[in-house]
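Reading through the structure tokens given below for one structure.
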Amino acid sequence: MSKYIFITGGVVSSLGKGIAAASIGKLLEARGLKTTIIKCDPYLNVDPGTMNPYQHGEVYVTDDGAETDLDLGHYERFTNTQLSKDSSITAGKVYFSVITKERHGDYLGKTVQIIPHITDEIKERIKKVSKSTDVDVTIVEIGGTVGDIESLPFLEAIRQLRWELGEHYALNIHVTLLPYIKSAGEQKTKPTQHSVGRLREIGIIPQILMCRTERPISVEQREKIALFCNVDVEAVIEAADVKHIYEVPSALKKEGLDELILKKLNIKLVDKGIKNWEEGVLKRLRSPAKEVKIAVVGKYISLQDAYKSIYEALVHGGIANNARVTILKIDSEQVEGNGFKKVLKDAHGVLIPGGFGSRGIDGKIAAVKYVRENNVPFFGICLGMQIATIEFARNVAGFKGANSTEFDGETPYPVISLIEEQKKVKNLGASMRLGAFGCTLEKGTKSFEAYKSGKISERHRHRYEFNNSYRQQLIQKGLVIAGINPERDLVEIVEIKDHPWFVGCQFHPEFKSKPDSAHPLFKGFIAAALNHVK
């Protein structure tokens with residue numbers, strides 16, 4: 001039977017519960033345990049698929065096509081676990097399921113209530129994941145902050161699970177904050193005391209406290225926190241700020257967190273360490289031999305989390321090339337007109353990520369024209385690939401007014417158009433082309449060279465695609481079709497000959513990149529950018 005680690009957060013949001021969960025998973029895997037991680041989100045949306053990036057941040061996609069919270073990206077980047085739609089549990093999914101069962105008559109006339117029906121649904125979904133994946137430890141992150149009314153059903157569910165599973169089979173870890181008051185010159189423990197107090201009011205007693213802090217925690221403060229929060233002194237873990245998120249597993253290991261977790265769960269395993277992680281990832285992060293500047297031209301640039309996986313995959317590409325990647329974040333509306341010459345002149349490579357809507361499109365097209373004509377390495381992802389196709393059609397093939405039907409329904413040359421089956425879609429949620437699809441690569445292309453394989457599988461999230469009606473005409477003008485989905489004859493990758501690196505892919509390679517195993521396309525893109533530096 002799987003053992004469970006429940007992770008909650010208090011005081012403020014954005015404390016890094018997702019990074020903490022992923023780091024714990026990394027440390028337990030290093031000990032030889034098989035783990036999986038679940039994210040419980042209290043919002044009433046069924047999933048974040050229809051939410052504005054400014055509201056939610058990036059939508060992460062799994063192989064089986066689930067649209068999920070970006071924390072699942074951290075889970076997969078740090079660990080070897082492969083997540084699924086069941087790894088994301090939202091209040092929307094839970095309530096929708098319970099109400100559907102009630103309408104069906106499954107509750108046999110009973111009054112449907114938060115307890116036990118909603119909490120039972122949450123517990124069953126959590127247990128389903130650990131049973132289906134046959135893991136040693138299931139890590140469950142509860143979204144939100146203790147005290148939020150919407151989180152209460154999830155907290156009650158894990159309280160019940162902890163009681164049902166018994167000692168050594170479930171562990172509660174609370175992530176909290178120790179703020180430093182500069183005017184007083186003191187680090188304050190009171191917010192942590194109050195946060196733990198709120199947890200204890202609902203019957204959850206955390207056994208480990210992960211204290212986020214800017215400054216080291218003194219012995220006296222650890223003893224004070226332990227006394228007032230009813231935990232062992234060794235269970236007060238310093239979660240200090242680090243320069244790179246990939247340093248967190250090592251920092252927590254130095255605090256003895258993995259050893260403490262095994263002790264609490266009554267698991268005895270030899271410590272094999274994380275030497276490969278520290279030498280293969282951290283050493284190159286801290287002391288890279290080279291440096292490269294990559295411009296990311298997007299429409300949600302002002303929000304850090306909107307392109308989270310993109311930024312991380314660029315860092316991974318840097319690690320693979322022993323280089324520091326400096327990311328130049330450029331709002332696509334800044335490069336409209338002649339603005340691109342000023343903002344792109346210092347970039348050694350340009351990446352255009354995915355997105356929806358017409359805002360900023362002209363800037364992206366101008367950026368692609370600039371990099372194509374000036375031999376600057378270019379990487380287009382999803383919408384970025386579509387923009388590259390539009391720019392090529394207009395400025396090389398001579399298709400004046402070429403566009404995507406997403407932006408111009410009356411365009412004379414719809415080189416990008418709505419997927420045929422999407423024309424019948426009425427409900428927008430979870431209705432895009434989602435999840436993993438196969439792709440066959442053309443030999444002699446940059447993509448084939450990067451993957452070193454003729455067949456790949458990548459994750460998708462889009463409604464519009466390359467219009468095959470213009471395929472042969474664009475090929476005749478020099479566009480290279482480097483990758484095709486064989487089942488639907490869908491164009492997946494486009495390239496341009498005689499260019500240092502000009503690759504656009506319809507899928508999202510950033511979702512499969514890891515710090516110790518950079519995605520081939522990001523690795524190749526950064527290598528090309530480094531050559532451009534020379």
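Following the order of the structure tokens, chains are lettered A, B, ..., residues in each are numbered from 1, and ligands are numbered from 1.
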Original post:
Taking the backbone alone, and naming residues the way the document does, which bits of stretch 37-200 of chain A are strand (DSSP E or B) by DSSP, as a PyMOL selection string?
Top reply: chain A and resi 37-41+60-61+67-68+88-90+137-142+170-177+180-181+186-187
Residues of the last selection are to be written out with C-alpha atoms, as a PDB file, in the first residue's frame.
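The file below, again.pdb, is the result:
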ATOM      1  CA  ILE A  37       2.519  13.556  -7.144  1.00  0.00           C
ATOM      2  CA  ILE A  38      -1.025  14.950  -7.118  1.00  0.00           C
ATOM      3  CA  LYS A  39      -2.154  18.583  -7.185  1.00  0.00           C
ATOM      4  CA  CYS A  40      -5.477  19.474  -5.541  1.00  0.00           C
ATOM      5  CA  ASP A  41      -6.736  22.863  -6.738  1.00  0.00           C
ATOM      6  CA  TYR A  60       0.527  22.441 -18.523  1.00  0.00           C
ATOM      7  CA  VAL A  61      -0.476  19.458 -20.690  1.00  0.00           C
ATOM      8  CA  GLU A  67      -4.935  20.605 -19.112  1.00  0.00           C
ATOM      9  CA  THR A  68      -3.510  21.198 -15.656  1.00  0.00           C
ATOM     10  CA  SER A  88      -4.900  16.992 -11.200  1.00  0.00           C
ATOM     11  CA  ILE A  89      -7.889  17.165  -8.860  1.00  0.00           C
ATOM     12  CA  THR A  90      -9.897  20.387  -8.966  1.00  0.00           C
ATOM     13  CA  VAL A 137       4.832   7.138  -1.843  1.00  0.00           C
ATOM     14  CA  THR A 138       2.085   9.466  -3.075  1.00  0.00           C
ATOM     15  CA  ILE A 139       2.765  13.181  -2.551  1.00  0.00           C
ATOM     16  CA  VAL A 140      -0.369  15.344  -2.434  1.00  0.00           C
ATOM     17  CA  GLU A 141      -0.133  19.126  -2.670  1.00  0.00           C
ATOM     18  CA  ILE A 142      -3.173  21.081  -1.487  1.00  0.00           C
ATOM     19  CA  ALA A 170       0.596   9.356   6.200  1.00  0.00           C
ATOM     20  CA  LEU A 171       2.614  12.477   6.916  1.00  0.00           C
ATOM     21  CA  ASN A 172       1.571  16.145   7.031  1.00  0.00           C
ATOM     22  CA  ILE A 173       4.106  18.771   5.930  1.00  0.00           C
ATOM     23  CA  HIS A 174       3.220  22.451   6.261  1.00  0.00           C
ATOM     24  CA  VAL A 175       5.026  25.110   4.211  1.00  0.00           C
ATOM     25  CA  THR A 176       5.009  28.450   5.976  1.00  0.00           C
ATOM     26  CA  LEU A 177       6.774  31.821   6.074  1.00  0.00           C
ATOM     27  CA  TYR A 180      11.962  39.425   8.332  1.00  0.00           C
ATOM     28  CA  ILE A 181      10.923  42.846   9.643  1.00  0.00           C
ATOM     29  CA  GLU A 186      13.906  40.553  13.593  1.00  0.00           C
ATOM     30  CA  GLN A 187      12.623  37.400  11.976  1.00  0.00           C
TER      31      GLN A 187
END
Subject >> Of the listed residues A:His519, A:Lys329, A:His74, A:His462, that which approaches A:Ile301 most closely, counting only C-alpha atoms >> reply: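 Of A:His519, A:Lys329, A:His74, A:His462, the one nearest A:Ile301 is A:Lys329, counting only C-alpha atoms.
Residues in contact with stretch 273-282 of chain A at up to 9 Å, not including ones fewer than 3 positions away on its chain and judged by only C-alpha atoms, are Lys26, Leu27, Ala30, Arg31, His244, Tyr246, Glu247, Pro249, Ser250, Lys253, Leu285, Arg286, Ser287, His316, Ile319, Ala320, Pro515 and Asp516 of chain A.
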Within 8 Å of A:Ser84, counting only C-alpha atoms, which residues show up once you throw out same-chain ones fewer than 4 positions away? Write them as a PDB file with all heavy atoms, in the first residue's frame, please.
ATOM      1  N   THR A  62      -0.492  17.101 -20.124  1.00  0.00           N
ATOM      2  CA  THR A  62       0.074  15.768 -19.923  1.00  0.00           C
ATOM      3  C   THR A  62      -0.050  14.946 -21.207  1.00  0.00           C
ATOM      4  O   THR A  62      -0.740  15.346 -22.147  1.00  0.00           O
ATOM      5  CB  THR A  62      -0.644  15.036 -18.775  1.00  0.00           C
ATOM      6  OG1 THR A  62      -2.044  14.933 -19.089  1.00  0.00           O
ATOM      7  CG2 THR A  62      -0.489  15.793 -17.463  1.00  0.00           C
ATOM      8  N   ASP A  63       0.593  13.790 -21.215  1.00  0.00           N
ATOM      9  CA  ASP A  63       0.535  12.918 -22.389  1.00  0.00           C
ATOM     10  C   ASP A  63      -0.892  12.524 -22.752  1.00  0.00           C
ATOM     11  O   ASP A  63      -1.237  12.393 -23.928  1.00  0.00           O
ATOM     12  CB  ASP A  63       1.359  11.640 -22.138  1.00  0.00           C
ATOM     13  CG  ASP A  63       2.753  11.737 -22.744  1.00  0.00           C
ATOM     14  OD1 ASP A  63       3.102  12.814 -23.260  1.00  0.00           O
ATOM     15  OD2 ASP A  63       3.503  10.740 -22.681  1.00  0.00           O
ATOM     16  N   ASP A  64      -1.738  12.303 -21.727  1.00  0.00           N
ATOM     17  CA  ASP A  64      -3.108  11.868 -22.009  1.00  0.00           C
ATOM     18  C   ASP A  64      -4.059  13.036 -22.258  1.00  0.00           C
ATOM     19  O   ASP A  64      -5.276  12.860 -22.290  1.00  0.00           O
ATOM     20  CB  ASP A  64      -3.644  10.961 -20.895  1.00  0.00           C
ATOM     21  CG  ASP A  64      -3.740  11.663 -19.554  1.00  0.00           C
ATOM     22  OD1 ASP A  64      -3.243  12.794 -19.431  1.00  0.00           O
ATOM     23  OD2 ASP A  64      -4.307  11.067 -18.614  1.00  0.00           O
ATOM     24  N   GLY A  65      -3.496  14.239 -22.436  1.00  0.00           N
ATOM     25  CA  GLY A  65      -4.309  15.367 -22.873  1.00  0.00           C
ATOM     26  C   GLY A  65      -4.987  16.170 -21.785  1.00  0.00           C
ATOM     27  O   GLY A  65      -5.902  16.936 -22.083  1.00  0.00           O
ATOM     28  N   ALA A  66      -4.558  16.032 -20.545  1.00  0.00           N
ATOM     29  CA  ALA A  66      -5.152  16.827 -19.468  1.00  0.00           C
ATOM     30  C   ALA A  66      -4.548  18.221 -19.452  1.00  0.00           C
ATOM     31  O   ALA A  66      -3.333  18.384 -19.574  1.00  0.00           O
ATOM     32  CB  ALA A  66      -4.929  16.143 -18.121  1.00  0.00           C
ATOM     33  N   SER A  88      -4.367  15.652 -11.454  1.00  0.00           N
ATOM     34  CA  SER A  88      -4.900  16.992 -11.200  1.00  0.00           C
ATOM     35  C   SER A  88      -6.330  16.865 -10.703  1.00  0.00           C
ATOM     36  O   SER A  88      -7.220  16.424 -11.447  1.00  0.00           O
ATOM     37  CB  SER A  88      -4.846  17.837 -12.473  1.00  0.00           C
ATOM     38  OG  SER A  88      -5.466  19.087 -12.278  1.00  0.00           O
TER      39      SER A  88
END
Original post:
So, counting only C-alpha atoms, which residue among A:Ile217, A:Leu161, A:Ile294, A:Ile456 is closest to A:Ile204?
Top reply: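 With only C-alpha atoms as the atom set, the closest residue is A:Leu161.
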Original post:
From the list A:Ile361, A:Ile310, A:Cys505, A:Ala397, which residue is nearest A:Ala518 when using only C-alpha atoms?
Top reply: A:Ile310
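Nearest to A:Ile24 of all the residues A:Ile208, A:Ile261, A:Leu474, A:Ile387 is A:Ile261, based on only C-alpha atoms.
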**OP:** For A:Leu155, list every protein, DNA or RNA residue within 9 Å, evaluated using only C-alpha atoms, and leave out those in the same chain fewer than 4 positions away; present the list as an NGL selection string.
**Re:** :A and (8 or 119 or 142 or 146 or 151 or 159-160 or 199 or 202 or 204)
Mind writing the picked residues with all heavy atoms as a short mmCIF file (atom, residue, chain, number, x, y, z; two decimals), in the first residue's frame?
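This went into again.cif:
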data_model
loop_
_atom_site.label_atom_id
_atom_site.label_comp_id
_atom_site.auth_asym_id
_atom_site.auth_seq_id
_atom_site.Cartn_x
_atom_site.Cartn_y
_atom_site.Cartn_z
N THR A 8 0.64 21.20 2.73
CA THR A 8 -0.23 22.37 2.81
C THR A 8 0.62 23.63 2.90
O THR A 8 1.83 23.56 3.14
CB THR A 8 -1.16 22.27 4.04
OG1 THR A 8 -0.34 22.09 5.21
CG2 THR A 8 -2.12 21.10 3.91
N THR A 119 -16.00 15.04 0.41
CA THR A 119 -14.72 14.56 0.96
C THR A 119 -14.44 13.12 0.53
O THR A 119 -13.28 12.76 0.27
CB THR A 119 -14.71 14.67 2.49
OG1 THR A 119 -15.89 14.06 3.03
CG2 THR A 119 -14.67 16.12 2.93
N ILE A 142 -1.89 20.41 -1.58
CA ILE A 142 -3.17 21.08 -1.49
C ILE A 142 -2.98 22.55 -1.87
O ILE A 142 -2.26 23.28 -1.19
CB ILE A 142 -3.77 20.99 -0.06
CG1 ILE A 142 -3.81 19.54 0.42
CG2 ILE A 142 -5.15 21.63 -0.02
CD1 ILE A 142 -4.68 18.63 -0.41
N VAL A 146 -3.99 27.86 3.91
CA VAL A 146 -4.82 27.48 5.05
C VAL A 146 -5.59 28.71 5.54
O VAL A 146 -5.00 29.78 5.76
CB VAL A 146 -3.96 26.90 6.20
CG1 VAL A 146 -4.81 26.73 7.46
CG2 VAL A 146 -3.37 25.58 5.77
N SER A 151 -10.66 25.84 0.31
CA SER A 151 -9.74 24.72 0.54
C SER A 151 -10.23 23.76 1.62
O SER A 151 -9.68 22.66 1.75
CB SER A 151 -8.36 25.24 0.95
OG SER A 151 -7.78 26.00 -0.08
N ARG A 159 -7.44 15.15 6.32
CA ARG A 159 -7.52 14.85 7.76
C ARG A 159 -8.10 13.45 7.98
O ARG A 159 -7.58 12.65 8.76
CB ARG A 159 -8.40 15.89 8.48
CG ARG A 159 -8.47 15.68 10.01
CD ARG A 159 -9.65 16.37 10.64
NE ARG A 159 -10.92 15.77 10.25
CZ ARG A 159 -11.41 14.64 10.77
NH1 ARG A 159 -10.72 13.97 11.69
NH2 ARG A 159 -12.56 14.17 10.36
N GLN A 160 -9.17 13.15 7.23
CA GLN A 160 -9.79 11.83 7.33
C GLN A 160 -8.84 10.74 6.85
O GLN A 160 -8.74 9.66 7.47
CB GLN A 160 -11.09 11.79 6.52
CG GLN A 160 -12.20 12.68 7.06
CD GLN A 160 -13.43 12.66 6.18
OE1 GLN A 160 -13.63 11.75 5.38
NE2 GLN A 160 -14.27 13.68 6.31
N LEU A 199 -4.51 25.13 11.24
CA LEU A 199 -4.53 23.73 10.84
C LEU A 199 -5.01 22.84 11.98
O LEU A 199 -5.83 21.93 11.79
CB LEU A 199 -3.13 23.29 10.39
CG LEU A 199 -2.76 23.37 8.91
CD1 LEU A 199 -1.35 22.89 8.71
CD2 LEU A 199 -3.73 22.58 8.05
N ILE A 202 -8.75 22.45 12.68
CA ILE A 202 -9.55 21.54 11.86
C ILE A 202 -9.05 20.10 11.96
O ILE A 202 -9.45 19.24 11.17
CB ILE A 202 -9.58 22.00 10.38
CG1 ILE A 202 -8.16 22.07 9.80
CG2 ILE A 202 -10.26 23.34 10.25
CD1 ILE A 202 -8.12 22.44 8.32
N ILE A 204 -5.77 18.87 11.83
CA ILE A 204 -4.54 18.47 11.15
C ILE A 204 -3.35 18.97 11.97
O ILE A 204 -3.22 20.16 12.24
CB ILE A 204 -4.46 19.04 9.73
CG1 ILE A 204 -5.58 18.46 8.87
CG2 ILE A 204 -3.10 18.74 9.09
CD1 ILE A 204 -5.66 19.04 7.47
#
**OP:** Extract, using only C-alpha atoms, all DNA, RNA and protein residues at most 8 Å from A:Ile484, discarding same-chain residues fewer than 2 positions from it, and format them as a ChimeraX atom specification.
**Re:** /A:439-441,481-482,486,489-493
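Note that atom CA of A:Leu178 and atom CA of A:Ala157 are 27.5 Å apart.
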Subject >> Nearest residue to A:Glu29 from the set A:Asp258, A:Ala436, A:Asn45, A:Cys382 (distances using only C-alpha atoms) >> reply: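 Closest residue, counting only C-alpha atoms: A:Asp258.
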**OP:** Just the residues within 7 Å of A:Ile381, please, counting only C-alpha atoms, with nothing from its chain fewer than 2 positions along; format it as an NGL selection string.
**Re:** :A and (352-354 or 379 or 383-385 or 504-508)
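A straight line drawn from atom CA of A:Glu223 to atom CA of A:Ile267 is 26.3 Å long.
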Subject >> Point-to-point distance in Å for atom CA of A:Val46 and atom CA of A:Val59 >> reply: 12.9 Å
Original post:
Pick from A:Glu214, A:Asp86, A:Asp106, A:Asp331: nearest to A:Glu124, with only C-alpha atoms counted?
Top reply: A:Asp86
**OP:** Would you return as a VMD selection string the members of stretch 38-220 of chain A that DSSP assigns to alpha helix (DSSP H) on this structure's backbone?
**Re:** chain A and resid 53 to 56 71 to 78 91 to 104 119 to 133 152 to 165 190 to 201 219 to 220
